[in-house]
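Engineer: This is query-v6.cif (mmCIF, C-alpha atoms).
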data_upload
loop_
_atom_site.label_atom_id
_atom_site.label_comp_id
_atom_site.auth_asym_id
_atom_site.auth_seq_id
_atom_site.Cartn_x
_atom_site.Cartn_y
_atom_site.Cartn_z
CA MET Y 26 76.20 -48.23 18.98
CA ILE Y 27 76.40 -51.85 17.85
CA PRO Y 28 77.06 -54.46 20.59
CA LEU Y 29 80.22 -56.45 19.86
CA HIS Y 30 78.62 -59.83 20.49
CA HIS Y 31 76.05 -59.16 17.77
CA VAL Y 32 78.91 -58.56 15.33
CA ILE Y 33 80.62 -61.77 16.46
CA ALA Y 34 77.36 -63.74 16.16
CA LEU Y 35 76.91 -62.48 12.57
CA SER Y 36 80.53 -63.37 11.85
CA ALA Y 37 80.12 -66.86 13.31
CA ALA Y 38 76.92 -67.42 11.31
CA LEU Y 39 78.63 -66.38 8.06
CA PHE Y 40 81.60 -68.62 8.90
CA GLY Y 41 79.22 -71.54 9.56
CA ILE Y 42 77.44 -71.01 6.23
CA GLY Y 43 80.81 -70.90 4.48
CA THR Y 44 81.91 -74.10 6.24
CA ILE Y 45 78.73 -75.88 5.20
CA GLY Y 46 79.27 -74.74 1.60
CA ALA Y 47 82.91 -75.82 1.54
CA LEU Y 48 82.11 -79.24 3.04
CA THR Y 49 78.92 -80.18 1.19
CA ARG Y 50 79.18 -78.66 -2.30
CA ARG Y 51 81.04 -80.53 -5.03
CA ASN Y 52 81.50 -77.73 -7.57
CA LEU Y 53 85.10 -76.56 -7.14
CA ILE Y 54 84.22 -72.94 -8.01
CA VAL Y 55 81.48 -72.81 -5.37
CA ILE Y 56 83.87 -74.33 -2.81
CA LEU Y 57 86.32 -71.47 -3.56
CA MET Y 58 83.47 -68.96 -3.11
CA SER Y 59 82.61 -70.55 0.25
CA VAL Y 60 86.25 -70.18 1.35
CA GLU Y 61 86.02 -66.48 0.39
CA LEU Y 62 82.89 -66.23 2.55
CA MET Y 63 84.76 -67.75 5.52
CA LEU Y 64 87.61 -65.25 5.06
CA ASN Y 65 85.05 -62.43 5.01
CA ALA Y 66 83.51 -63.70 8.26
CA VAL Y 67 86.94 -63.53 9.90
CA ASN Y 68 87.41 -59.99 8.52
CA LEU Y 69 84.10 -58.96 10.10
CA ALA Y 70 85.22 -60.30 13.49
CA LEU Y 71 88.54 -58.42 13.20
CA ILE Y 72 86.75 -55.15 12.33
CA GLY Y 73 84.35 -55.65 15.25
CA PHE Y 74 87.17 -56.17 17.76
CA SER Y 75 89.08 -53.26 16.26
CA ARG Y 76 86.05 -51.00 16.82
CA ALA Y 77 85.51 -52.27 20.37
CA TRP Y 78 89.09 -51.61 21.48
CA GLY Y 79 89.56 -48.45 19.39
CA ASP Y 80 92.72 -49.90 17.80
CA THR Y 81 93.55 -49.68 14.08
CA THR Y 82 95.66 -52.87 14.06
CA GLY Y 83 92.61 -54.95 13.15
CA HIS Y 84 92.15 -52.92 9.97
CA ILE Y 85 95.74 -53.71 8.94
CA PHE Y 86 95.03 -57.42 9.54
CA VAL Y 87 91.93 -57.16 7.32
CA LEU Y 88 93.92 -55.52 4.51
CA MET Y 89 96.47 -58.37 4.68
CA VAL Y 90 93.66 -60.97 4.62
CA ILE Y 91 92.18 -59.28 1.54
CA VAL Y 92 95.57 -59.47 -0.22
CA VAL Y 93 95.91 -63.16 0.64
CA ALA Y 94 92.31 -63.82 -0.51
CA ALA Y 95 92.96 -62.13 -3.86
CA ALA Y 96 96.15 -64.18 -4.38
CA GLU Y 97 94.32 -67.36 -3.35
CA VAL Y 98 91.50 -66.74 -5.83
CA ALA Y 99 93.94 -66.04 -8.70
CA VAL Y 100 95.89 -69.27 -8.09
CA GLY Y 101 92.77 -71.30 -7.23
CA LEU Y 102 90.98 -70.32 -10.43
CA GLY Y 103 94.18 -71.08 -12.41
CA ILE Y 104 94.04 -74.58 -10.91
CA VAL Y 105 90.32 -74.83 -11.82
CA ILE Y 106 91.07 -73.89 -15.44
CA SER Y 107 93.90 -76.41 -15.82
CA LEU Y 108 91.76 -79.05 -14.11
CA PHE Y 109 88.90 -78.39 -16.51
CA ARG Y 110 91.32 -78.63 -19.43
CA ASN Y 111 92.50 -82.08 -18.29
CA ARG Y 112 89.28 -83.62 -16.96
CA ALA Y 113 86.49 -81.51 -18.57
CA SER Y 114 84.88 -81.28 -15.13
CA VAL Y 115 84.89 -79.11 -12.01
CA ASN Y 116 83.38 -81.82 -9.80
CA VAL Y 117 85.69 -82.54 -6.86
CA GLU Y 118 84.61 -86.20 -6.92
CA ASP Y 119 86.47 -86.57 -10.24
CA VAL Y 120 89.83 -85.59 -8.73
CA SER Y 121 89.90 -87.84 -5.68
CA LEU Y 122 93.11 -89.63 -6.69
CA LEU Y 123 94.90 -88.68 -3.47
CA LYS Y 124 91.91 -89.54 -1.25
CA TRP Y 125 92.49 -92.68 0.84
CA MET L 25 67.24 -48.84 19.22
CA THR L 26 69.33 -46.37 17.27
CA ALA L 27 69.42 -45.95 13.50
CA SER L 28 72.86 -47.54 13.22
CA LEU L 29 71.65 -50.65 15.07
CA VAL L 30 68.65 -50.97 12.72
CA LEU L 31 70.96 -50.59 9.70
CA PHE L 32 73.29 -53.21 11.19
CA TYR L 33 70.44 -55.72 11.42
CA VAL L 34 69.31 -54.89 7.86
CA PHE L 35 72.80 -55.33 6.38
CA GLY L 36 73.48 -58.40 8.54
CA ALA L 37 70.24 -60.09 7.48
CA LEU L 38 71.00 -59.24 3.84
CA ALA L 39 74.49 -60.76 4.16
CA LEU L 40 73.14 -63.94 5.81
CA VAL L 41 70.31 -64.43 3.29
CA SER L 42 72.56 -63.91 0.25
CA ALA L 43 75.26 -66.16 1.75
CA LEU L 44 72.64 -68.90 2.20
CA ALA L 45 71.42 -68.28 -1.36
CA MET L 46 75.00 -68.74 -2.60
CA VAL L 47 75.57 -72.02 -0.74
CA LEU L 48 72.11 -73.51 -1.41
CA ASN L 49 71.96 -72.59 -5.12
CA VAL L 50 72.83 -75.91 -6.79
CA ARG L 51 71.68 -75.05 -10.31
CA ASN L 52 73.29 -71.84 -11.46
CA THR L 53 76.90 -70.91 -10.69
CA VAL L 54 76.53 -67.39 -12.13
CA ALA L 55 73.63 -66.69 -9.75
CA ALA L 56 75.76 -67.98 -6.86
CA ALA L 57 78.51 -65.51 -7.81
CA MET L 58 75.91 -62.70 -7.91
CA SER L 59 74.73 -63.67 -4.41
CA LEU L 60 78.38 -63.40 -3.34
CA VAL L 61 78.41 -59.79 -4.66
CA VAL L 62 75.38 -58.98 -2.48
CA THR L 63 77.07 -60.56 0.57
CA MET L 64 80.28 -58.58 0.03
CA THR L 65 78.41 -55.30 -0.47
CA ALA L 66 76.26 -55.85 2.63
CA LEU L 67 79.43 -56.57 4.62
CA ALA L 68 80.92 -53.31 3.32
CA GLY L 69 77.83 -51.58 4.78
CA VAL L 70 78.46 -53.29 8.14
CA TYR L 71 82.10 -52.12 8.00
CA LEU L 72 80.89 -48.54 7.48
CA LEU L 73 78.68 -48.85 10.57
CA LEU L 74 81.72 -50.14 12.51
CA GLU L 75 83.66 -47.06 11.38
CA ALA L 76 86.10 -48.92 9.14
CA TYR L 77 85.75 -46.52 6.22
CA LEU L 78 88.90 -47.39 4.25
CA VAL L 79 88.31 -51.13 4.64
CA ALA L 80 84.70 -50.73 3.43
CA VAL L 81 85.85 -49.01 0.23
CA ILE L 82 88.57 -51.61 -0.36
CA GLN L 83 86.05 -54.39 0.33
CA ILE L 84 83.83 -53.12 -2.49
CA MET L 85 86.72 -52.49 -4.91
CA VAL L 86 88.60 -55.76 -4.33
CA TYR L 87 85.91 -58.27 -3.34
CA ALA L 88 82.73 -57.10 -5.05
CA GLY L 89 84.79 -55.80 -7.98
CA ALA L 90 87.92 -57.78 -8.78
CA ILE L 91 87.44 -61.15 -7.08
CA VAL L 92 83.84 -61.80 -8.12
CA VAL L 93 84.61 -60.62 -11.67
CA LEU L 94 87.40 -63.22 -11.74
CA PHE L 95 84.92 -65.90 -10.59
CA LEU L 96 82.38 -64.87 -13.24
CA PHE L 97 85.11 -64.78 -15.89
CA VAL L 98 86.13 -68.37 -15.12
CA VAL L 99 82.53 -69.61 -14.93
CA MET L 100 81.80 -68.13 -18.35
CA LEU L 101 85.15 -69.25 -19.82
CA LEU L 102 84.40 -72.85 -18.83
CA ASN L 103 80.80 -72.44 -20.05
CA LEU L 104 79.30 -74.11 -16.98
CA ARG L 105 75.58 -73.75 -17.53
CA SER L 106 74.54 -76.14 -14.82
CA ASP L 107 76.36 -77.75 -11.95
CA ALA L 108 73.69 -80.30 -11.09
CA PHE L 109 76.04 -83.15 -10.28
CA PRO L 110 74.62 -86.55 -9.43
CA ALA L 111 74.43 -87.09 -5.69
CA ALA L 112 77.41 -89.20 -4.69
CA ARG L 113 78.42 -88.06 -1.23
CA SER L 114 76.21 -89.58 1.44
CA VAL L 115 73.58 -87.54 3.27
CA LEU L 116 75.18 -88.59 6.56
CA TRP L 117 78.30 -86.52 5.89
CA LYS L 118 76.21 -83.50 4.96
CA LEU L 119 74.37 -83.80 8.27
CA VAL L 120 77.70 -84.13 10.11
CA GLY L 121 78.96 -80.95 8.38
CA VAL L 122 75.80 -78.98 9.24
CA ALA L 123 75.86 -80.21 12.86
CA ALA L 124 79.54 -79.29 13.29
CA SER L 125 78.96 -75.78 11.90
CA LEU L 126 75.93 -75.25 14.14
CA ALA L 127 77.95 -76.44 17.15
CA VAL L 128 80.63 -73.82 16.39
CA LEU L 129 77.95 -71.13 16.07
CA VAL L 130 76.25 -72.07 19.37
CA ALA L 131 79.62 -72.19 21.15
CA PHE L 132 80.49 -68.68 19.90
CA VAL L 133 77.13 -67.15 20.79
CA ARG L 134 77.05 -68.71 24.29
CA PHE L 135 80.72 -68.17 25.10
CA LEU L 136 81.31 -64.60 24.00
CA PRO L 137 78.85 -62.15 25.65
CA GLY L 138 80.52 -62.30 29.08
CA ARG L 139 84.05 -61.91 27.74
CA VAL L 140 83.90 -58.88 25.48
CA PRO L 141 83.95 -55.23 26.58
CA ALA L 142 80.40 -54.00 27.07
CA ALA L 143 81.05 -50.40 26.07
CA ALA L 144 83.22 -49.39 23.14
CA ALA L 145 86.51 -47.66 23.76
CA GLU L 146 86.73 -43.94 23.10
CA LEU L 147 87.70 -43.61 19.45
CA PRO L 148 90.53 -41.30 18.38
CA ALA L 149 89.63 -38.68 15.79
CA GLY L 150 89.77 -39.97 12.22
CA PHE L 151 89.59 -43.62 13.32
CA GLY L 152 89.46 -46.00 10.34
CA GLY L 153 90.04 -43.31 7.73
CA TYR L 154 92.77 -43.48 5.10
CA ARG L 155 95.04 -41.19 7.17
CA ASP L 156 94.82 -43.30 10.31
CA VAL L 157 95.13 -46.71 8.62
CA GLY L 158 97.81 -45.46 6.22
CA ARG L 159 99.98 -44.06 9.02
CA GLU L 160 99.78 -47.39 10.87
CA LEU L 161 100.40 -49.39 7.67
CA PHE L 162 103.50 -47.44 6.62
CA THR L 163 105.11 -47.13 10.07
CA SER L 164 104.47 -50.10 12.39
CA TYR L 165 103.53 -52.60 9.67
CA VAL L 166 105.72 -51.52 6.77
CA LEU L 167 107.67 -54.82 6.66
CA PRO L 168 104.55 -57.06 6.33
CA PHE L 169 103.24 -54.57 3.75
CA GLU L 170 106.39 -54.93 1.65
CA ILE L 171 106.41 -58.73 2.05
CA THR L 172 102.89 -58.94 0.56
CA SER L 173 104.45 -57.79 -2.73
CA TYR L 174 106.38 -61.10 -2.85
CA LEU L 175 103.14 -62.97 -2.21
CA LEU L 176 101.41 -61.11 -5.06
CA LEU L 177 104.36 -61.72 -7.39
CA ALA L 178 104.28 -65.45 -6.57
CA ALA L 179 100.49 -65.50 -7.15
CA ILE L 180 100.83 -63.75 -10.53
CA VAL L 181 103.55 -66.15 -11.72
CA GLY L 182 101.66 -69.15 -10.33
CA ALA L 183 98.37 -68.19 -11.97
CA VAL L 184 100.03 -67.62 -15.36
CA VAL L 185 101.93 -70.93 -15.18
CA LEU L 186 98.82 -72.88 -14.11
CA ALA L 187 96.41 -71.37 -16.62
CA LYS L 188 98.75 -71.25 -19.62
CA ARG L 189 98.00 -73.97 -22.11
CA ARG L 190 101.59 -74.95 -22.88
CA LEU L 191 104.84 -73.64 -21.49
CA ASP L 192 107.35 -72.77 -24.19
#
Please rewrite the model in this file as C-alpha cells.
Structural biologist:
Amino acid sequence: MIPLHHVIALSAALFGIGTIGALTRRNLIVILMSVELMLNAVNLALIGFSRAWGDTTGHIFVLMVIVVAAAEVAVGLGIVISLFRNRASVNVEDVSLLKW
Amino acid sequence: MTASLVLFYVFGALALVSALAMVLNVRNTVAAAMSLVVTMTALAGVYLLLEAYLVAVIQIMVYAGAIVVLFLFVVMLLNLRSDAFPAARSVLWKLVGVAASLAVLVAFVRFLPGRVPAAAAELPAGFGGYRDVGRELFTSYVLPFEITSYLLLAAIVGAVVLAKRRLD
C-alpha cells in the first residue's frame, strides 16, 4: 500500500523539475519536453487521488490530459519547424519580438 | 515495508533522476528526449502500482511511443547536434525560478499529509481495467470523449498548416 502523500510529493517534485526546465532552458524543444513533464506530474497526482478514493473519474481525466498533450506536441513541433525555417534557430531568445 | 512500496520508491527515484537528466542536459537534445522516455516508462510503472492498468498501457503507447518519437523526429529533421547556446539570461532569474519551484514543493509536502485520507478506499473489482474505465468513459463522459475528436481534428489541421512549406 502506497501512502497518498508520497505520490503527491513525487508529483510535486516532477512538476518542480518541469517548471525549472521550462523557465531556465532556452531550447524551444526542451521547453516543450519540460511542459510534457509537468503534464505527467499532474497525471500522477490524478491517478494517486483516484486510487485513494477508489473512483475511476481520475483515470478519465488522465486520458483527456494525454489527448490534449498529444495535440499540443503536434502543434508545438509544427511551430518549431516553421520557426526553424524562418530563423534557422530554436533559441527562444531569437523570437522575443513580443517581449516588452 | 511491502514489495509494492519498495517498487514505488525505485520507479519514483528513476523518474526523478531521468527528469533531472533531461532538464540539466544542455549539450545533447537527443539524449534529453531519451531521458524523457525513461521518465515516462518509470511513471507507467508507478501507475501500475496505483492500479491504473489501462492508463499505464496508454502512457507507454502514447507518451513513450508516439510523443517522444515525434520529438526525436523533429530534432533529427532540424539536425540539431548541439544546443549549447551562449548564456544570455541572467543567473538571477534562474535562481528565482529554482527558488519558486522549491517553494511550491515545500508547500505541497508540508500542507498535504494532514488533509488526505490515511487509508485507501475499498476498491471495486476490476478497478482501473479497460472494462471499468471504458464503461465510465462511454456512459458518464461520452460527450467530452466525442468533443476530443474536434480537438484532434483541429490539431491535425493546425500541424499540417504550420509545418507545410507553402500553402497552395
Engineer: Ranking L:Thr63, L:Ile84, L:Val181, L:Leu186 by minimum distance to chain Y and counting all atoms listed in the file, which one comes first?
Structural biologist: L:Leu186
Engineer: Which of these residues is nearest to Y:Met26, using only C-alpha atoms: L:Ala56, L:Leu74, L:Ala124, L:Met46?
Structural biologist: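 Selected residue with least distance to Y:Met26: L:Leu74.
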Engineer: Give as a compact mmCIF listing (two decimals) with C-alpha atoms, in the frame of the given file the residues that the PyMOL selection byres ((chain Y and resi 75) around 10) matches when applied to the coordinates above.
Structural biologist:
# COMPACT_ATOMS: atom_id res chain seq x y z
CA LEU Y 69 84.10 -58.96 10.10
CA ALA Y 70 85.22 -60.30 13.49
CA LEU Y 71 88.54 -58.42 13.20
CA ILE Y 72 86.75 -55.15 12.33
CA GLY Y 73 84.35 -55.65 15.25
CA PHE Y 74 87.17 -56.17 17.76
CA ARG Y 76 86.05 -51.00 16.82
CA ALA Y 77 85.51 -52.27 20.37
CA TRP Y 78 89.09 -51.61 21.48
CA GLY Y 79 89.56 -48.45 19.39
CA ASP Y 80 92.72 -49.90 17.80
CA THR Y 81 93.55 -49.68 14.08
CA THR Y 82 95.66 -52.87 14.06
CA GLY Y 83 92.61 -54.95 13.15
CA HIS Y 84 92.15 -52.92 9.97
CA ILE Y 85 95.74 -53.71 8.94
CA PHE Y 86 95.03 -57.42 9.54
CA LEU L 74 81.72 -50.14 12.51
CA GLU L 75 83.66 -47.06 11.38
CA ALA L 76 86.10 -48.92 9.14
CA ALA L 144 83.22 -49.39 23.14
CA ALA L 145 86.51 -47.66 23.76
CA GLY L 152 89.46 -46.00 10.34
Engineer: Given the PyMOL selection byres ((chain Y) within 8 of (chain L)) and the file above, list the residues it selects as JSON, numbers by chain.
Structural biologist: {"Y": [26, 27, 28, 29, 30, 33, 34, 35, 37, 38, 39, 41, 42, 43, 44, 45, 46, 48, 49, 50, 51, 52, 54, 55, 58, 59, 62, 65, 69, 72, 73, 76, 77, 78, 79, 81, 82, 84, 85, 87, 88, 89, 91, 92, 93, 95, 96, 97, 98, 99, 100, 101, 102, 103, 104, 106, 107, 109, 116]}
Engineer: Any idea what's packed within 8 Å of Y:Val90, counting only C-alpha atoms, ignoring anything in its chain fewer than 4 positions away? Could you give it as a list in words?
Structural biologist: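 Skipping anything fewer than 4 positions along the chain leaves Leu64, Asn68, Phe86 and Ala94 of chain Y.
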Engineer: Using all atoms listed in the file, which of the listed residues (L:Met58, L:Leu167, L:Leu116, L:Leu72) sits closest to L:Gly89?
Structural biologist: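 Looking at the shortest contact to L:Gly89, the residue is L:Met58.
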Engineer: Mind pulling up the distance from atom CA of L:Ser59 to atom CA of L:Ser42?
Structural biologist: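 Interatomic distance, atom CA of L:Ser42 to atom CA of L:Ser59: 5.1 Å.
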Engineer: Would you compute the distance between atom CA of L:Asn52 and atom CA of L:Thr65? Give it in Å to one decimal.
Structural biologist: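 We find that atom CA of L:Asn52 and atom CA of L:Thr65 lie 20.5 Å from each other.
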Engineer: How many Å lie between atom CA of Y:Phe40 and atom CA of Y:Val67, rounded to one decimal?
Structural biologist: 7.4 Å
Engineer: Provide stretch 36-155 of chain L of the preceding structure as a file containing C-alpha atoms, as a PDB file, in the first residue's frame.
Structural biologist:
ATOM      1  CA  GLY L  36       9.898   7.193  -8.357  1.00  0.00           C
ATOM      2  CA  ALA L  37      13.658   7.645  -7.963  1.00  0.00           C
ATOM      3  CA  LEU L  38      14.163   6.541 -11.580  1.00  0.00           C
ATOM      4  CA  ALA L  39      11.570   9.082 -12.775  1.00  0.00           C
ATOM      5  CA  LEU L  40      13.142  11.900 -10.726  1.00  0.00           C
ATOM      6  CA  VAL L  41      16.721  11.134 -11.811  1.00  0.00           C
ATOM      7  CA  SER L  42      15.832  10.879 -15.511  1.00  0.00           C
ATOM      8  CA  ALA L  43      13.694  14.039 -15.316  1.00  0.00           C
ATOM      9  CA  LEU L  44      16.675  15.889 -13.807  1.00  0.00           C
ATOM     10  CA  ALA L  45      18.916  14.402 -16.512  1.00  0.00           C
ATOM     11  CA  MET L  46      16.516  15.748 -19.161  1.00  0.00           C
ATOM     12  CA  VAL L  47      16.402  19.274 -17.729  1.00  0.00           C
ATOM     13  CA  LEU L  48      20.120  19.532 -16.885  1.00  0.00           C
ATOM     14  CA  ASN L  49      21.408  18.069 -20.177  1.00  0.00           C
ATOM     15  CA  VAL L  50      22.451  21.207 -22.078  1.00  0.00           C
ATOM     16  CA  ARG L  51      24.539  19.534 -24.767  1.00  0.00           C
ATOM     17  CA  ASN L  52      22.537  16.830 -26.474  1.00  0.00           C
ATOM     18  CA  THR L  53      18.832  17.166 -27.303  1.00  0.00           C
ATOM     19  CA  VAL L  54      18.535  13.523 -28.432  1.00  0.00           C
ATOM     20  CA  ALA L  55      19.829  12.333 -25.037  1.00  0.00           C
ATOM     21  CA  ALA L  56      17.298  14.633 -23.338  1.00  0.00           C
ATOM     22  CA  ALA L  57      14.494  13.002 -25.342  1.00  0.00           C
ATOM     23  CA  MET L  58      15.801   9.553 -24.320  1.00  0.00           C
ATOM     24  CA  SER L  59      15.750  10.623 -20.654  1.00  0.00           C
ATOM     25  CA  LEU L  60      12.124  11.631 -21.228  1.00  0.00           C
ATOM     26  CA  VAL L  61      11.398   8.054 -22.416  1.00  0.00           C
ATOM     27  CA  VAL L  62      12.846   6.692 -19.153  1.00  0.00           C
ATOM     28  CA  THR L  63      10.727   9.142 -17.113  1.00  0.00           C
ATOM     29  CA  MET L  64       7.529   8.172 -18.947  1.00  0.00           C
ATOM     30  CA  THR L  65       8.217   4.442 -18.597  1.00  0.00           C
ATOM     31  CA  ALA L  66       9.009   4.766 -14.876  1.00  0.00           C
ATOM     32  CA  LEU L  67       5.759   6.705 -14.417  1.00  0.00           C
ATOM     33  CA  ALA L  68       3.898   3.900 -16.208  1.00  0.00           C
ATOM     34  CA  GLY L  69       5.373   1.550 -13.570  1.00  0.00           C
ATOM     35  CA  VAL L  70       4.080   3.842 -10.806  1.00  0.00           C
ATOM     36  CA  TYR L  71       0.633   3.831 -12.467  1.00  0.00           C
ATOM     37  CA  LEU L  72       0.658   0.011 -12.409  1.00  0.00           C
ATOM     38  CA  LEU L  73       1.424   0.089  -8.672  1.00  0.00           C
ATOM     39  CA  LEU L  74      -1.503   2.515  -8.206  1.00  0.00           C
ATOM     40  CA  GLU L  75      -3.755   0.037 -10.040  1.00  0.00           C
ATOM     41  CA  ALA L  76      -4.315   2.198 -13.104  1.00  0.00           C
ATOM     42  CA  TYR L  77      -3.676  -0.597 -15.590  1.00  0.00           C
ATOM     43  CA  LEU L  78      -5.282   0.886 -18.711  1.00  0.00           C
ATOM     44  CA  VAL L  79      -3.669   4.286 -18.130  1.00  0.00           C
ATOM     45  CA  ALA L  80      -0.245   2.631 -17.694  1.00  0.00           C
ATOM     46  CA  VAL L  81      -0.536   0.889 -21.072  1.00  0.00           C
ATOM     47  CA  ILE L  82      -1.740   4.081 -22.774  1.00  0.00           C
ATOM     48  CA  GLN L  83       1.067   6.032 -21.101  1.00  0.00           C
ATOM     49  CA  ILE L  84       3.660   3.742 -22.707  1.00  0.00           C
ATOM     50  CA  MET L  85       1.938   3.671 -26.121  1.00  0.00           C
ATOM     51  CA  VAL L  86       1.204   7.404 -26.411  1.00  0.00           C
ATOM     52  CA  TYR L  87       3.958   9.094 -24.392  1.00  0.00           C
ATOM     53  CA  ALA L  88       6.957   6.773 -24.581  1.00  0.00           C
ATOM     54  CA  GLY L  89       5.922   5.744 -28.096  1.00  0.00           C
ATOM     55  CA  ALA L  90       4.239   8.440 -30.163  1.00  0.00           C
ATOM     56  CA  ILE L  91       5.115  11.721 -28.442  1.00  0.00           C
ATOM     57  CA  VAL L  92       8.811  11.080 -27.862  1.00  0.00           C
ATOM     58  CA  VAL L  93       9.170   9.681 -31.400  1.00  0.00           C
ATOM     59  CA  LEU L  94       7.689  12.963 -32.657  1.00  0.00           C
ATOM     60  CA  PHE L  95      10.259  14.901 -30.580  1.00  0.00           C
ATOM     61  CA  LEU L  96      13.128  12.773 -31.899  1.00  0.00           C
ATOM     62  CA  PHE L  97      11.816  13.122 -35.456  1.00  0.00           C
ATOM     63  CA  VAL L  98      11.852  16.925 -35.207  1.00  0.00           C
ATOM     64  CA  VAL L  99      15.275  17.031 -33.516  1.00  0.00           C
ATOM     65  CA  MET L 100      16.759  14.907 -36.297  1.00  0.00           C
ATOM     66  CA  LEU L 101      14.859  16.758 -39.058  1.00  0.00           C
ATOM     67  CA  LEU L 102      16.323  20.062 -37.865  1.00  0.00           C
ATOM     68  CA  ASN L 103      19.742  18.406 -37.442  1.00  0.00           C
ATOM     69  CA  LEU L 104      20.370  19.977 -34.032  1.00  0.00           C
ATOM     70  CA  ARG L 105      23.645  18.428 -32.958  1.00  0.00           C
ATOM     71  CA  SER L 106      24.254  20.759 -30.072  1.00  0.00           C
ATOM     72  CA  ASP L 107      22.114  23.252 -28.250  1.00  0.00           C
ATOM     73  CA  ALA L 108      24.910  24.965 -26.356  1.00  0.00           C
ATOM     74  CA  PHE L 109      23.543  28.484 -26.638  1.00  0.00           C
ATOM     75  CA  PRO L 110      25.567  31.382 -25.283  1.00  0.00           C
ATOM     76  CA  ALA L 111      24.435  32.383 -21.816  1.00  0.00           C
ATOM     77  CA  ALA L 112      22.203  35.422 -22.185  1.00  0.00           C
ATOM     78  CA  ARG L 113      19.586  35.167 -19.467  1.00  0.00           C
ATOM     79  CA  SER L 114      20.927  36.321 -16.122  1.00  0.00           C
ATOM     80  CA  VAL L 115      21.755  33.876 -13.343  1.00  0.00           C
ATOM     81  CA  LEU L 116      19.435  35.830 -11.041  1.00  0.00           C
ATOM     82  CA  TRP L 117      16.341  34.736 -12.967  1.00  0.00           C
ATOM     83  CA  LYS L 118      17.476  31.113 -12.904  1.00  0.00           C
ATOM     84  CA  LEU L 119      17.830  31.330  -9.131  1.00  0.00           C
ATOM     85  CA  VAL L 120      14.374  32.928  -8.869  1.00  0.00           C
ATOM     86  CA  GLY L 121      12.911  30.063 -10.955  1.00  0.00           C
ATOM     87  CA  VAL L 122      14.593  27.378  -8.829  1.00  0.00           C
ATOM     88  CA  ALA L 123      13.525  29.086  -5.582  1.00  0.00           C
ATOM     89  CA  ALA L 124       9.905  29.403  -6.747  1.00  0.00           C
ATOM     90  CA  SER L 125       9.763  25.713  -7.739  1.00  0.00           C
ATOM     91  CA  LEU L 126      11.278  24.626  -4.418  1.00  0.00           C
ATOM     92  CA  ALA L 127       8.767  26.808  -2.554  1.00  0.00           C
ATOM     93  CA  VAL L 128       5.893  25.049  -4.368  1.00  0.00           C
ATOM     94  CA  LEU L 129       7.399  21.653  -3.499  1.00  0.00           C
ATOM     95  CA  VAL L 130       7.854  22.510   0.199  1.00  0.00           C
ATOM     96  CA  ALA L 131       4.314  23.912   0.380  1.00  0.00           C
ATOM     97  CA  PHE L 132       2.888  20.684  -1.097  1.00  0.00           C
ATOM     98  CA  VAL L 133       4.880  18.351   1.145  1.00  0.00           C
ATOM     99  CA  ARG L 134       4.091  20.313   4.335  1.00  0.00           C
ATOM    100  CA  PHE L 135       0.446  21.040   3.521  1.00  0.00           C
ATOM    101  CA  LEU L 136      -0.823  17.700   2.290  1.00  0.00           C
ATOM    102  CA  PRO L 137      -0.211  14.888   4.838  1.00  0.00           C
ATOM    103  CA  GLY L 138      -2.945  16.043   7.245  1.00  0.00           C
ATOM    104  CA  ARG L 139      -5.551  16.555   4.539  1.00  0.00           C
ATOM    105  CA  VAL L 140      -5.553  13.320   2.566  1.00  0.00           C
ATOM    106  CA  PRO L 141      -7.269  10.070   3.562  1.00  0.00           C
ATOM    107  CA  ALA L 142      -4.844   7.896   5.518  1.00  0.00           C
ATOM    108  CA  ALA L 143      -6.223   4.563   4.357  1.00  0.00           C
ATOM    109  CA  ALA L 144      -7.256   3.843   0.788  1.00  0.00           C
ATOM    110  CA  ALA L 145     -10.893   3.301  -0.027  1.00  0.00           C
ATOM    111  CA  GLU L 146     -12.074  -0.226  -0.703  1.00  0.00           C
ATOM    112  CA  LEU L 147     -11.566  -0.790  -4.416  1.00  0.00           C
ATOM    113  CA  PRO L 148     -14.338  -2.254  -6.570  1.00  0.00           C
ATOM    114  CA  ALA L 149     -13.428  -5.384  -8.519  1.00  0.00           C
ATOM    115  CA  GLY L 150     -11.694  -4.653 -11.817  1.00  0.00           C
ATOM    116  CA  PHE L 151     -10.743  -1.103 -10.768  1.00  0.00           C
ATOM    117  CA  GLY L 152      -8.645   0.655 -13.430  1.00  0.00           C
ATOM    118  CA  GLY L 153      -9.015  -2.088 -16.028  1.00  0.00           C
ATOM    119  CA  TYR L 154     -10.242  -1.492 -19.562  1.00  0.00           C
ATOM    120  CA  ARG L 155     -13.773  -2.646 -18.639  1.00  0.00           C
TER     121      ARG L 155
END
